[in-house]
file protein.txt (compact mmCIF, C-alpha atoms)
# COMPACT_ATOMS: atom_id res chain seq x y z
CA MET A 497 -66.98 -59.08 -14.98
CA PRO A 498 -69.54 -56.24 -14.65
CA MET A 499 -69.99 -54.60 -11.30
CA LYS A 500 -73.07 -55.66 -9.36
CA LYS A 501 -75.79 -53.02 -9.13
CA GLN A 502 -75.85 -53.29 -5.34
CA ASN A 503 -72.08 -52.69 -5.07
CA ALA A 504 -72.26 -49.69 -7.40
CA LEU A 505 -75.11 -48.23 -5.34
CA MET A 506 -73.13 -48.69 -2.13
CA MET A 507 -70.10 -46.94 -3.61
CA THR A 508 -72.30 -44.10 -4.91
CA VAL A 509 -73.96 -43.53 -1.55
CA LEU A 510 -70.73 -43.83 0.42
CA SER A 511 -68.73 -41.45 -1.77
CA GLY A 512 -71.68 -39.04 -2.01
CA VAL A 513 -72.00 -38.92 1.78
CA VAL A 514 -68.24 -38.33 2.17
CA CYS A 515 -68.41 -35.52 -0.42
CA VAL A 516 -71.30 -33.68 1.24
CA ALA A 517 -70.16 -34.35 4.82
CA ALA A 518 -66.57 -33.22 4.16
CA SER A 519 -67.78 -30.13 2.36
CA ALA A 520 -70.20 -29.23 5.17
CA ALA A 521 -67.66 -30.00 7.91
CA GLY A 522 -65.04 -27.87 6.16
CA SER A 523 -67.44 -24.93 5.79
CA ALA A 524 -68.52 -25.23 9.45
CA GLY A 525 -64.90 -25.32 10.63
CA LEU A 526 -65.19 -28.80 12.13
CA ILE A 527 -62.22 -30.04 10.08
CA PRO A 528 -59.42 -28.03 8.45
CA LEU A 529 -60.21 -26.77 4.95
CA TRP A 530 -57.29 -28.68 3.44
CA ALA A 531 -58.64 -31.95 4.90
CA ALA A 532 -62.11 -31.18 3.54
CA ALA A 533 -60.58 -30.42 0.14
CA VAL A 534 -58.66 -33.72 0.08
CA LEU A 535 -61.77 -35.72 1.03
CA VAL A 536 -63.91 -33.99 -1.60
CA ILE A 537 -61.25 -34.31 -4.31
CA VAL A 538 -60.88 -38.05 -3.63
CA SER A 539 -64.57 -38.88 -3.25
CA PHE A 540 -66.03 -36.67 -6.02
CA PRO A 541 -64.60 -38.69 -8.97
CA VAL A 542 -65.59 -41.96 -7.29
CA PHE A 543 -69.12 -40.62 -6.79
CA LEU A 544 -69.52 -39.57 -10.43
CA VAL A 545 -68.18 -42.80 -11.92
CA SER A 546 -70.01 -45.12 -9.53
CA LEU A 547 -73.25 -43.18 -10.12
CA GLY A 548 -72.92 -43.89 -13.84
CA LEU A 549 -72.05 -47.54 -13.20
CA TRP A 550 -75.07 -47.88 -10.92
CA TRP A 551 -77.37 -46.49 -13.63
CA ASN A 552 -75.82 -48.94 -16.08
CA ALA A 553 -75.51 -52.10 -14.04
CA SER A 554 -77.97 -54.75 -15.09
CA GLU A 555 -79.75 -56.98 -12.56
CA LYS A 556 -80.19 -59.84 -15.01
CA GLU A 557 -77.86 -61.99 -17.12
CA GLY A 558 -76.88 -60.58 -20.50
CA ASP A 559 -78.04 -62.13 -23.79
CA THR A 560 -76.06 -65.09 -25.10
CA PRO A 561 -74.25 -63.74 -28.17
CA PHE A 562 -74.96 -65.32 -31.57
CA ILE A 563 -72.07 -67.68 -32.27
CA GLY A 564 -73.12 -69.01 -35.69
CA TYR A 565 -74.96 -72.09 -36.91
CA MET B 375 -66.82 -26.83 -1.64
CA ILE B 376 -68.83 -29.50 -3.46
CA GLU B 377 -71.24 -26.80 -4.63
CA TYR B 378 -68.39 -24.97 -6.40
CA LEU B 379 -67.28 -28.21 -8.06
CA ILE B 380 -70.78 -28.99 -9.34
CA PHE B 381 -71.20 -25.40 -10.56
CA ALA B 382 -67.83 -25.54 -12.34
CA VAL B 383 -68.70 -28.86 -14.02
CA PHE B 384 -71.96 -27.48 -15.44
CA ALA B 385 -70.40 -24.12 -16.34
CA GLY B 386 -67.47 -25.87 -18.05
CA LEU B 387 -69.77 -28.13 -20.07
CA LEU B 388 -71.88 -25.12 -21.02
CA LEU B 389 -68.71 -23.30 -22.13
CA HIS B 390 -67.87 -26.33 -24.30
CA GLY B 391 -71.34 -26.07 -25.83
CA ILE B 392 -70.89 -22.35 -26.50
CA HIS B 393 -67.48 -23.13 -28.03
CA ARG B 394 -69.02 -25.66 -30.43
CA LYS B 395 -71.91 -23.31 -31.27
CA ALA B 396 -69.57 -20.38 -31.96
CA ILE B 397 -67.32 -22.51 -34.18
CA ALA B 398 -70.36 -23.76 -36.13
CA ARG B 399 -71.78 -20.25 -36.62
CA ILE B 400 -68.43 -18.90 -37.81
CA GLN B 401 -68.24 -21.79 -40.28
CA GLY B 402 -71.80 -21.09 -41.52
CA ARG B 403 -73.40 -24.13 -39.84
CA PRO B 404 -76.32 -24.06 -37.37
CA GLY B 405 -74.38 -26.12 -34.79
CA PRO B 406 -75.72 -27.99 -31.76
CA PRO B 407 -77.60 -26.29 -28.91
CA ILE B 408 -75.26 -24.85 -26.28
CA TRP B 409 -76.36 -27.39 -23.64
CA GLN B 410 -75.40 -30.27 -25.96
CA GLU B 411 -72.30 -31.18 -23.93
CA ILE B 412 -74.37 -31.54 -20.75
CA LEU B 413 -76.72 -33.84 -22.69
CA HIS B 414 -73.68 -35.76 -23.96
CA VAL B 415 -72.51 -36.48 -20.43
CA LEU B 416 -75.98 -37.72 -19.48
CA LYS B 417 -76.19 -39.79 -22.66
CA PHE B 418 -72.78 -41.41 -22.14
CA SER B 419 -73.52 -42.14 -18.50
CA PHE B 420 -76.55 -44.22 -19.55
CA LYS B 421 -74.69 -46.15 -22.28
CA GLU B 422 -73.64 -49.74 -21.76
CA THR B 423 -70.16 -49.74 -20.23
CA TRP B 424 -67.38 -52.29 -20.02
CA ILE B 425 -63.60 -52.50 -20.24
CA PRO B 426 -62.05 -53.70 -23.54
CA TRP B 427 -60.14 -56.99 -23.45
CA THR B 428 -56.94 -55.35 -24.68
CA ALA B 429 -56.99 -52.71 -21.95
CA SER B 430 -54.92 -52.45 -18.82
CA ARG B 431 -57.97 -52.62 -16.55
CA THR B 432 -56.57 -50.66 -13.60
CA LEU B 433 -55.09 -47.84 -15.67
CA PHE B 434 -58.16 -47.70 -17.94
CA VAL B 435 -60.44 -46.88 -14.99
CA ALA B 436 -57.95 -45.02 -12.78
CA VAL B 437 -57.09 -42.50 -15.47
CA VAL B 438 -60.74 -41.32 -15.55
CA LEU B 439 -60.81 -40.87 -11.77
CA ILE B 440 -57.44 -39.09 -11.81
CA ALA B 441 -58.58 -36.75 -14.60
CA ILE B 442 -61.57 -35.60 -12.53
CA GLY B 443 -59.44 -35.49 -9.37
CA ILE B 444 -56.66 -33.30 -10.75
CA TRP B 445 -59.00 -30.69 -12.24
CA SER B 446 -61.02 -30.65 -9.00
CA THR B 447 -57.71 -29.96 -7.26
CA ALA B 448 -56.95 -27.17 -9.72
CA LEU B 449 -60.30 -25.54 -9.00
CA VAL B 450 -59.71 -25.70 -5.24
CA VAL B 451 -56.20 -24.23 -5.68
CA LEU B 452 -57.62 -21.40 -7.76
CA LEU B 453 -60.48 -20.58 -5.38
CA SER B 454 -58.30 -20.70 -2.28
CA GLY B 455 -55.66 -18.36 -3.78
CA GLU B 456 -52.84 -20.89 -3.41
CA SER B 457 -49.61 -21.05 -5.38
CA LEU B 458 -49.54 -20.76 -9.14
CA LEU B 459 -46.97 -23.58 -9.11
CA LEU B 460 -49.60 -26.00 -7.77
CA LEU B 461 -51.95 -25.00 -10.55
CA PHE B 462 -49.30 -25.53 -13.17
CA GLY B 463 -48.33 -28.83 -11.51
CA VAL B 464 -51.85 -29.94 -12.43
CA TYR B 465 -51.10 -29.04 -16.06
CA MET B 466 -48.17 -31.44 -15.94
CA LEU B 467 -50.29 -34.19 -14.37
CA HIS B 468 -52.85 -33.63 -17.10
CA LYS B 469 -50.17 -34.48 -19.65
CA ILE B 470 -49.62 -37.79 -17.84
CA VAL B 471 -53.38 -38.39 -17.85
CA GLU B 472 -53.53 -37.77 -21.60
CA HIS B 473 -50.68 -40.21 -22.11
CA GLY B 474 -52.10 -42.87 -19.78
CA LEU B 475 -55.53 -42.49 -21.35
CA GLY B 476 -54.17 -43.44 -24.76
CA LEU B 477 -51.91 -46.23 -23.57
CA SER B 478 -54.43 -47.87 -21.24
CA SER B 479 -56.82 -49.15 -23.91
CA GLY B 480 -54.38 -51.07 -26.09
CA SER B 481 -55.99 -49.51 -29.18
CA PRO B 482 -53.54 -48.32 -31.89
CA TYR B 483 -55.52 -45.08 -32.23
CA GLY B 484 -55.26 -44.52 -28.50
CA LYS B 485 -51.51 -45.20 -28.63
CA PHE B 486 -51.06 -42.67 -31.44
CA GLY B 487 -52.91 -40.14 -29.29
CA ALA B 488 -50.71 -41.02 -26.30
CA ILE B 489 -47.52 -40.56 -28.32
CA ARG B 490 -48.73 -37.25 -29.68
CA SER B 491 -49.53 -36.11 -26.13
CA VAL B 492 -45.89 -36.62 -25.17
CA MET B 493 -44.72 -34.84 -28.28
CA SER B 494 -47.09 -31.93 -27.66
CA ALA B 495 -45.62 -31.45 -24.19
CA ALA B 496 -44.04 -28.45 -25.95
CA SER B 497 -47.38 -26.74 -25.31
CA GLU B 498 -46.44 -26.55 -21.61
CA ILE B 499 -43.20 -24.64 -22.19
CA PRO B 500 -44.89 -21.21 -22.48
CA LEU B 501 -46.22 -21.85 -18.96
CA PHE B 502 -42.76 -21.51 -17.46
CA ALA B 503 -42.28 -18.20 -19.23
CA THR B 504 -45.63 -17.04 -17.84
CA ILE B 505 -44.67 -18.04 -14.30
CA ALA B 506 -41.29 -16.31 -14.56
CA ALA B 507 -42.77 -13.07 -15.93
CA VAL B 508 -45.53 -12.99 -13.30
CA TYR B 509 -42.96 -13.57 -10.53
CA LEU B 510 -40.62 -10.85 -11.82
CA VAL B 511 -43.43 -8.30 -11.67
CA THR B 512 -45.39 -9.32 -8.55
CA HIS B 513 -42.54 -10.98 -6.56
CA SER B 514 -44.90 -13.79 -5.55
CA LEU B 515 -46.46 -16.88 -7.04
CA MET B 516 -49.40 -17.02 -4.63
CA ILE B 517 -52.61 -16.31 -6.53
CA SER B 518 -53.91 -14.27 -3.58
CA ASP B 519 -50.77 -12.04 -3.75
CA ILE B 520 -51.09 -11.70 -7.52
CA LEU B 521 -54.71 -10.58 -7.07
CA ALA B 522 -53.65 -8.08 -4.39
CA TRP B 523 -50.90 -6.71 -6.67
CA GLN B 524 -53.43 -6.21 -9.47
CA ALA B 525 -55.89 -4.53 -7.12
CA ALA B 526 -53.17 -1.97 -6.35
CA ASN B 527 -51.43 -1.66 -9.74
CA GLY B 528 -53.96 -2.67 -12.39
CA PRO B 529 -54.22 -5.79 -14.58
CA LEU B 530 -51.10 -7.83 -15.28
CA LEU B 531 -52.33 -8.06 -18.86
CA LEU B 532 -51.13 -4.46 -19.32
CA ALA B 533 -47.91 -4.94 -17.34
CA VAL B 534 -46.69 -8.13 -19.07
CA PRO B 535 -48.73 -8.68 -22.25
CA PRO B 536 -46.33 -11.31 -23.70
CA ALA B 537 -46.83 -13.47 -20.59
CA ALA B 538 -50.59 -13.22 -21.13
CA ALA B 539 -50.04 -14.22 -24.77
CA ALA B 540 -48.04 -17.25 -23.57
CA LEU B 541 -50.83 -18.43 -21.28
CA TYR B 542 -53.34 -17.73 -24.06
CA ILE B 543 -51.43 -20.15 -26.31
CA VAL B 544 -51.48 -22.75 -23.53
CA VAL B 545 -55.25 -22.36 -23.07
CA LEU B 546 -55.74 -22.54 -26.84
CA ALA B 547 -53.70 -25.75 -27.01
CA LYS B 548 -56.02 -27.37 -24.44
CA MET B 549 -59.29 -26.46 -26.21
CA HIS B 550 -61.32 -28.94 -28.25
CA TYR B 551 -60.95 -28.41 -32.04
CA SER B 552 -57.86 -26.28 -31.44
CA PRO B 553 -55.22 -26.12 -34.21
CA PHE B 554 -52.89 -27.68 -31.61
CA ALA B 555 -55.30 -30.49 -30.53
CA VAL B 556 -53.38 -33.20 -32.41
CA ILE B 557 -53.98 -35.82 -29.73
CA GLU B 558 -57.69 -36.01 -30.59
CA SER B 559 -57.31 -35.41 -34.30
CA LYS B 560 -59.93 -37.17 -36.44
CA GLU B 561 -57.41 -39.10 -38.56
CA ILE B 562 -56.79 -41.16 -35.42
CA VAL B 563 -60.56 -41.43 -34.69
CA SER B 564 -60.82 -39.76 -31.25
CA GLY B 565 -57.13 -40.19 -30.44
CA ASN B 566 -56.37 -41.10 -26.86
CA MET B 567 -60.09 -41.17 -25.95
CA THR B 568 -61.11 -43.59 -28.71
CA GLU B 569 -61.76 -46.61 -26.49
CA HIS B 570 -63.21 -44.78 -23.49
CA PHE B 571 -66.96 -45.03 -24.01
CA GLY B 572 -70.06 -45.02 -21.82
CA VAL B 573 -69.50 -44.01 -18.20
CA TRP B 574 -65.75 -43.62 -18.80
CA ARG B 575 -66.35 -41.02 -21.52
CA ALA B 576 -68.95 -39.25 -19.35
CA GLY B 577 -66.31 -39.01 -16.59
CA LEU B 578 -63.73 -37.67 -19.03
CA ASP B 579 -66.19 -35.09 -20.36
CA VAL B 580 -66.82 -33.93 -16.78
CA ALA B 581 -63.04 -33.66 -16.21
CA PHE B 582 -62.54 -31.72 -19.45
CA GLY B 583 -65.46 -29.42 -18.61
CA LEU B 584 -63.78 -28.68 -15.28
CA LYS B 585 -60.50 -28.15 -17.14
CA THR B 586 -61.98 -25.55 -19.49
CA PHE B 587 -63.61 -23.68 -16.61
CA VAL B 588 -60.37 -23.67 -14.60
CA LEU B 589 -58.19 -22.59 -17.54
CA LEU B 590 -60.43 -19.67 -18.50
CA TYR B 591 -60.98 -18.57 -14.90
CA ALA B 592 -57.25 -18.85 -14.14
CA PHE B 593 -56.45 -16.61 -17.11
CA ILE B 594 -58.95 -13.99 -15.89
CA LEU B 595 -57.68 -14.11 -12.29
CA ILE B 596 -53.99 -14.01 -13.23
CA PHE B 597 -54.14 -11.33 -15.92
CA ILE B 598 -57.29 -9.27 -15.30
CA GLY B 599 -57.40 -9.43 -11.51
CA PRO B 600 -60.13 -9.42 -8.87
CA ILE B 601 -63.43 -8.57 -10.58
CA SER B 602 -67.09 -9.33 -9.78
CA ILE B 603 -68.52 -12.76 -10.62
CA LEU B 604 -70.67 -11.29 -13.40
CA ALA B 605 -67.71 -9.43 -14.91
CA ALA B 606 -65.59 -12.61 -14.65
CA ALA B 607 -68.31 -14.60 -16.44
CA VAL B 608 -68.46 -12.02 -19.26
CA ALA B 609 -64.64 -11.94 -19.50
CA MET B 610 -64.50 -15.76 -19.64
CA LEU B 611 -67.13 -15.76 -22.38
CA LEU B 612 -65.24 -13.19 -24.44
CA LEU B 613 -61.99 -15.10 -23.96
CA LEU B 614 -63.73 -18.32 -25.03
CA LEU B 615 -65.23 -16.67 -28.13
CA SER B 616 -61.79 -15.42 -29.18
CA LEU B 617 -60.48 -18.99 -28.83
CA SER B 618 -63.49 -20.34 -30.74
CA PHE B 619 -62.77 -17.89 -33.56
CA ILE B 620 -59.20 -19.20 -33.88
CA CYS B 621 -60.39 -22.82 -33.72
CA ALA B 622 -63.04 -22.15 -36.38
CA THR B 623 -60.74 -20.44 -38.84
CA THR B 624 -57.52 -22.43 -38.40
CA PRO B 625 -57.17 -26.00 -39.62
CA MET B 626 -55.57 -28.55 -37.34
CA LEU B 627 -51.81 -28.36 -37.67
CA SER B 628 -49.59 -31.33 -38.29
CA PRO B 629 -47.88 -32.57 -35.10
CA PHE B 630 -44.44 -31.22 -36.03
CA ASP B 631 -45.89 -27.78 -36.94
CA THR B 632 -47.65 -27.74 -33.58
CA VAL B 633 -44.40 -28.32 -31.75
CA THR B 634 -42.49 -25.81 -33.91
CA ILE B 635 -45.01 -23.03 -33.36
CA GLN B 636 -45.32 -23.62 -29.62
CA ILE B 637 -41.57 -23.80 -29.05
CA GLY B 638 -41.09 -20.74 -31.27
CA ALA B 639 -43.65 -18.76 -29.25
CA ALA B 640 -42.13 -19.98 -25.99
CA GLY B 641 -38.64 -18.98 -27.20
CA LEU B 642 -39.76 -15.42 -27.96
CA ILE B 643 -41.36 -15.12 -24.54
CA VAL B 644 -38.29 -16.56 -22.79
CA VAL B 645 -36.18 -13.87 -24.50
CA TYR B 646 -38.67 -11.24 -23.29
CA VAL B 647 -38.52 -12.60 -19.73
CA LEU B 648 -34.70 -12.66 -19.79
CA ILE B 649 -34.58 -9.04 -20.98
CA MET B 650 -37.14 -8.14 -18.30
CA GLY B 651 -35.14 -9.90 -15.60
CA VAL B 652 -31.75 -8.43 -16.59
CA PHE B 653 -32.60 -4.88 -17.65
CA LEU B 654 -35.75 -3.90 -15.75

call {"tool": "encode", "arguments": {"input": "protein.txt", "output": "structure tokens"}}
result
Amino acid sequence: MPMKKQNALMMTVLSGVVCVAASAAGSAGLIPLWAAAVLVIVSFPVFLVSLGLWWNASEKEGDTPFIGY
Amino acid sequence: MIEYLIFAVFAGLLLHGIHRKAIARIQGRPGPPIWQEILHVLKFSFKETWIPWTASRTLFVAVVLIAIGIWSTALVVLLSGESLLLLFGVYMLHKIVEHGLGLSSGSPYGKFGAIRSVMSAASEIPLFATIAAVYLVTHSLMISDILAWQAANGPLLLAVPPAAAALYIVVLAKMHYSPFAVIESKEIVSGNMTEHFGVWRAGLDVAFGLKTFVLLYAFILIFIGPISILAAAVAMLLLLLSLSFICATTPMLSPFDTVTIQIGAAGLIVVYVLIMGVFL
């Protein structure tokens, strides 16, 4: 079952925010660098894949395939 | 940190494009523009995407995420000057990713690719010889220590050239269109990547772009030493062009020849390291 566009968007935004926030917090010294690295490494792949799935997800039903006469 | 990752992704994809262009020019073809691989990622990410019926759904998706994750880890390890062992641990995980990638789809072509990835694990053996030789000379496996040693004593490339040759073979084995790239050989369509299309393929291309950037940059850091960013970029480009030349002029080897050559090269380097360790 294809992922709903809304769910894909939520995942994209959430992982994107974690990526940027962890990176910024690590650079500013608010969290240890290793913790920032772990958060970025975990959220970056999720961000990329869910971004693609969001672009792809359709909001309407797919066509009924031709099943012969 | 995220800015380095994004830069490395684009730089890696651009390096792939340059690799394809160089191969084409050497073979007398015009070749695609050098930004073609970046366009490929965008194209794949807009393609319709689903999971094949025959696939193991969890593994099929997870392997894409893990591929991006492990090469992101490798980049962080490299930039933070951590242990060489961590970096080479990523190489081992990459082998598992290659294997899982092929097995996850249920496609026979993918399975052939997965089996070949296990067989071509011989390509990792020269890595151990490299690690041993680097340790014998610098007495450390921390990348930061290796860089400091080179700053004081000159490039490791001149101190242990066979170890550099070993890593060169490893990098060559991981390049697209390499004579050792039997897992994605065209007689098995796209090998272990055959059934990963759309967003999944875009994710894999991003991971492999990161991989190429990390492998080339690691070679420069480990064997040339601390140099400016511009000099490192030029060195990476020259290294890539030398690899492209080999890929353009050497046909893909059969799987058993691949293993024979890699084990043979690793054996010679192991002998060199043993002599180094005992007599020097």

call {"tool": "interface_residues", "arguments": {"input": "protein.txt", "of": "chain A", "to": "chain B", "cutoff": "8 Å", "atoms": "only C-alpha atoms", "output": "ChimeraX atom specification"}}
result
/A:498,515-516,519-520,523,533,536-538,540-542,544-545,548-549,551-552

call {"tool": "atom_distance", "arguments": {"input": "protein.txt", "atom1": "atom CA of B:Leu453", "atom2": "atom CA of B:Met516"}}
result
11.7 Å

call {"tool": "closest_residue", "arguments": {"input": "protein.txt", "among": "B:Thr634, B:Phe619, B:Ala640, B:Pro426", "to": "B:Arg399", "atoms": "all atoms listed in the file"}}
result
B:Phe619

call {"tool": "closest_residue", "arguments": {"input": "protein.txt", "among": "B:Pro536, B:Gly391, B:Gly565, B:Pro529", "to": "B:Ile596", "atoms": "only C-alpha atoms"}}
result
B:Pro529

call {"tool": "axis_aligned_box", "arguments": {"input": "protein.txt", "around": "stretch 508-524 of chain B", "padding_each_side": "4 Å", "output": "AutoDock Vina command-line options"}}
result
--center_x -47.7 --center_y -11.6 --center_z -8.4 --size_x 22.1 --size_y 18.8 --size_z 17.7

call {"tool": "residues_around", "arguments": {"input": "protein.txt", "residues": "B:Ala605", "least_positions_apart": "6", "cutoff": "12 Å", "atoms": "all atoms listed in the file", "output": "list of chain:residue names"}}
result
B:Tyr591, B:Ile594, B:Leu595, B:Ile598, B:Gly599, B:Leu611, B:Leu612

call {"tool": "write_last_selection", "arguments": {"input": "protein.txt", "atoms": "C-alpha atoms", "output": "short mmCIF file (atom, residue, chain, number, x, y, z; two decimals), in the coordinates of the input"}}
result
data_model
loop_
_atom_site.label_atom_id
_atom_site.label_comp_id
_atom_site.auth_asym_id
_atom_site.auth_seq_id
_atom_site.Cartn_x
_atom_site.Cartn_y
_atom_site.Cartn_z
CA TYR B 591 -60.98 -18.57 -14.90
CA ILE B 594 -58.95 -13.99 -15.89
CA LEU B 595 -57.68 -14.11 -12.29
CA ILE B 598 -57.29 -9.27 -15.30
CA GLY B 599 -57.40 -9.43 -11.51
CA LEU B 611 -67.13 -15.76 -22.38
CA LEU B 612 -65.24 -13.19 -24.44
#

call {"tool": "atom_distance", "arguments": {"input": "protein.txt", "atom1": "atom CA of A:Ser554", "atom2": "atom CA of A:Asn503"}}
result
11.8 Å
